Amino acid sequence: MVIRQNKEKSTLTPNFLKGILLTLLIALVAKYIATFPFFSILGQLVIAIIVGMAWRAAFKVQDTWQVGIAFSSKKLLRLGIILLGMRLNLADIYHAGASVFLIAVINLLFALMVVYGLTKMLKVDEKLGILTACGTAICGAAAVVAIAPQIKANQKETAVGAAIVALLGTVFTLIYTVLYSILDLTPTEYGIFAGGTLHEIAHVIAAASAGGNEAIDIAVIVKLTRVALLVPVAIIIGIFYRKMDKSEEKKGFTLSIIPWFILGFLAMSAINSLGIIPANVAQAFVNIAYILIAMAMAGLGLNVEIKTFKELGVKAFIAGLVGSVCLSILGYILVIFLT
């Protein structure tokens with residue numbers, strides 16, 4: 001017990017701060033890189049993971065900095081997810097109509113079941129399979145890092161899962177941009193299609209831009225509907241995982257199952273929905289959220305070697321790829337028949 005207390009006190013040291021500052025530096029570099037045309041499709045979060053992995057490959061990361069890096073990966077991540085709730089306006093989801101909500105729910109459940117089922121068939125690690133399914137179904141890397149604590153995934157599994165769905169989303173964004181001129185969809189229908197099937201919010205906006213502002217607006221609403229569903233999905237997965245985990249004593253429902261930081265995300269969404277926060281202030285919160293989450297992604301990247309992705313991620317990537325194709329087909333069918 002004494003040793004643990006000493007470790008906790010030692011966190012407030014220059015090395016602790018250096019670890020945090022390193023993740024901040026990588027997050028800011030990623031934010032800058034994301035302003036360039038092609039890299040904007042990847043998004044700041046994905047780039048932060050890649051830069052973190054590249055930094056680890058090129059430079060030695062001091063062991064004494066790991067406490068600060070871990071703080072960014074865990075504590076700052078949760079704060080970032082809470083603040084990200086300022087991006088969600090529940091009133092917009094309500095006004096979009098029942099059909100849009102139904103499409104989002106069907107797409108989410110379908111992607112969860114198909115991708116997870118494929119990872120089981122391909123004998124992917126259980127936790128990585130769950131993370132890949134959630135990232136594909138809900139909101140990409142943000143969903144991966146939000147679900148990871150619920151299933152006690154380690155940093156390697158979390159980083160690989162986030163990288164997989166980020167890469168898939170980038171590929172499909174490029175494909176969707178080409179498909180827009182081929183698909184017989186109105187801008188609104190195309191926006192619903194993109195928002196209901198693509199992975200990251202950055203991917204949705206990039207792909208929907210082919211259809212103009214009308215497509216972007218509805219795409220973001222559909223996507224944020226899927227993001228809002230992160231809360232119940234995280235709670236349900238936490239409950240089911242505790243039941244499946246043979247290494248853990250079965251205690252039934254406990255408050256530890258509830259991901260409080262995700263409920264904080266929902267609370268911030270509710271505050272934003274009331275309209276009491278000026279739009280520019282809400283956007284400032286969102287900008288801070290992305291910096292904090294990018295710092296967490298940088299921390300994950302700093303703890304993963306490229307060979308780890310090759311070892312853990314190939315089969316999971318295949319499952320996510322096949323699942324994403326199936327999701328795109330279903331999403332297109334739902335738009336045709338439900339809008």
# chains A, B, ... in the order shown; residues from 1 in each chain; ligands from 1
call {"tool": "select_by_dssp", "arguments": {"residues": "region 99-222 of chain A", "states": "helix (DSSP H, G or I)", "output": "VMD selection string"}}
result
chain A and resid 99 to 121 126 to 139 141 to 151 155 to 179 187 to 197 201 to 211 213 to 222
call {"tool": "residues_around", "arguments": {"residues": "Ala54 (chain A)", "least_positions_apart": "2", "cutoff": "12 Å", "atoms": "only C-alpha atoms", "output": "PyMOL selection string"}}
result
chain A and resi 26+47-52+56-61+298-307
call {"tool": "closest_atom_pairs", "arguments": {"of": "region 266-331 of chain A", "to": "region 164-170 of chain A", "cutoff": "9 Å", "atoms": "only C-alpha atoms", "output": "tab-separated table"}}
result
residue	atom	partner	partner_atom	distance
A:Phe309	CA	A:Ile164	CA	8.8
A:Gly313	CA	A:Ile164	CA	7.0
A:Val314	CA	A:Ile164	CA	8.8
A:Ala316	CA	A:Ile164	CA	7.6
A:Phe317	CA	A:Ile164	CA	5.8
A:Gly320	CA	A:Val165	CA	7.2
A:Leu321	CA	A:Leu168	CA	6.6
A:Ser324	CA	A:Leu168	CA	7.9
call {"tool": "atom_distance", "arguments": {"atom1": "CA of Phe261 (chain A)", "atom2": "CA of Ile130 (chain A)"}}
result
19.5 Å
call {"tool": "residues_around", "arguments": {"residues": "region 11-23 of chain A", "least_positions_apart": "3", "cutoff": "9 Å", "atoms": "only C-alpha atoms", "output": "PyMOL selection string"}}
result
chain A and resi 6-8+26-28+48+52+61-62+64-73+294-299+302
call {"tool": "closest_residue", "arguments": {"among": "A:Ala146, A:Lys74, A:Phe39, A:Phe240", "to": "Ala202 (chain A)", "atoms": "only C-alpha atoms"}}
result
A:Phe39
call {"tool": "residues_around", "arguments": {"residues": "region 179-196 of chain A", "least_positions_apart": "5", "cutoff": "7 Å", "atoms": "only C-alpha atoms", "output": "list in words"}}
result
Ile103, Ala104, Asn107, Val204, Ala207, Ala208, Ala210, Gly211, Glu214, Ala215, Ile216, Ile218, Ala219, Val220, Val222, Lys223, Gly331, Tyr332 and Val335 of chain A
call {"tool": "write_last_selection", "arguments": {"atoms": "N, CA and C atoms", "output": "mmCIF file, in the first residue's frame"}}
result
data_model
loop_
_atom_site.group_PDB
_atom_site.id
_atom_site.type_symbol
_atom_site.label_atom_id
_atom_site.label_comp_id
_atom_site.auth_asym_id
_atom_site.auth_seq_id
_atom_site.Cartn_x
_atom_site.Cartn_y
_atom_site.Cartn_z
ATOM 1 N N ILE A 103 -33.471 4.398 -38.868
ATOM 2 C CA ILE A 103 -32.359 4.015 -39.732
ATOM 3 C C ILE A 103 -31.057 3.931 -38.935
ATOM 4 N N ALA A 104 -30.829 4.920 -38.068
ATOM 5 C CA ALA A 104 -29.611 4.930 -37.258
ATOM 6 C C ALA A 104 -29.553 3.717 -36.336
ATOM 7 N N ASN A 107 -29.037 0.404 -38.433
ATOM 8 C CA ASN A 107 -27.655 0.342 -38.899
ATOM 9 C C ASN A 107 -26.698 -0.026 -37.771
ATOM 10 N N VAL A 204 -17.914 11.444 -42.098
ATOM 11 C CA VAL A 204 -19.273 11.785 -42.530
ATOM 12 C C VAL A 204 -19.299 13.152 -43.208
ATOM 13 N N ALA A 207 -17.392 13.041 -46.636
ATOM 14 C CA ALA A 207 -18.123 12.337 -47.697
ATOM 15 C C ALA A 207 -19.382 13.095 -48.099
ATOM 16 N N ALA A 208 -20.116 13.630 -47.108
ATOM 17 C CA ALA A 208 -21.374 14.315 -47.393
ATOM 18 C C ALA A 208 -21.169 15.617 -48.157
ATOM 19 N N ALA A 210 -19.842 16.131 -50.802
ATOM 20 C CA ALA A 210 -20.087 15.936 -52.236
ATOM 21 C C ALA A 210 -21.518 16.304 -52.602
ATOM 22 N N GLY A 211 -22.441 16.219 -51.632
ATOM 23 C CA GLY A 211 -23.841 16.536 -51.872
ATOM 24 C C GLY A 211 -24.232 17.940 -51.458
ATOM 25 N N GLU A 214 -26.841 20.829 -47.754
ATOM 26 C CA GLU A 214 -28.051 20.095 -47.371
ATOM 27 C C GLU A 214 -27.698 18.669 -46.947
ATOM 28 N N ALA A 215 -26.812 18.036 -47.703
ATOM 29 C CA ALA A 215 -26.385 16.669 -47.377
ATOM 30 C C ALA A 215 -25.577 16.648 -46.089
ATOM 31 N N ILE A 216 -24.715 17.652 -45.902
ATOM 32 C CA ILE A 216 -23.879 17.698 -44.694
ATOM 33 C C ILE A 216 -24.739 17.836 -43.447
ATOM 34 N N ILE A 218 -27.949 17.044 -42.749
ATOM 35 C CA ILE A 218 -28.702 15.856 -42.350
ATOM 36 C C ILE A 218 -27.752 14.716 -41.994
ATOM 37 N N ALA A 219 -26.600 14.646 -42.655
ATOM 38 C CA ALA A 219 -25.622 13.590 -42.366
ATOM 39 C C ALA A 219 -25.115 13.701 -40.932
ATOM 40 N N VAL A 220 -24.827 14.931 -40.503
ATOM 41 C CA VAL A 220 -24.331 15.147 -39.142
ATOM 42 C C VAL A 220 -25.396 14.771 -38.115
ATOM 43 N N VAL A 222 -27.830 12.533 -38.452
ATOM 44 C CA VAL A 222 -27.931 11.067 -38.406
ATOM 45 C C VAL A 222 -26.734 10.486 -37.657
ATOM 46 N N LYS A 223 -25.555 11.019 -37.939
ATOM 47 C CA LYS A 223 -24.356 10.523 -37.273
ATOM 48 C C LYS A 223 -24.422 10.767 -35.776
ATOM 49 N N GLY A 331 -27.565 0.205 -45.489
ATOM 50 C CA GLY A 331 -27.871 1.623 -45.357
ATOM 51 C C GLY A 331 -28.516 2.194 -46.590
ATOM 52 N N TYR A 332 -28.037 1.780 -47.754
ATOM 53 C CA TYR A 332 -28.611 2.249 -49.010
ATOM 54 C C TYR A 332 -30.046 1.747 -49.156
ATOM 55 N N VAL A 335 -32.414 3.689 -46.851
ATOM 56 C CA VAL A 335 -32.692 5.045 -47.353
ATOM 57 C C VAL A 335 -33.744 4.979 -48.470
#
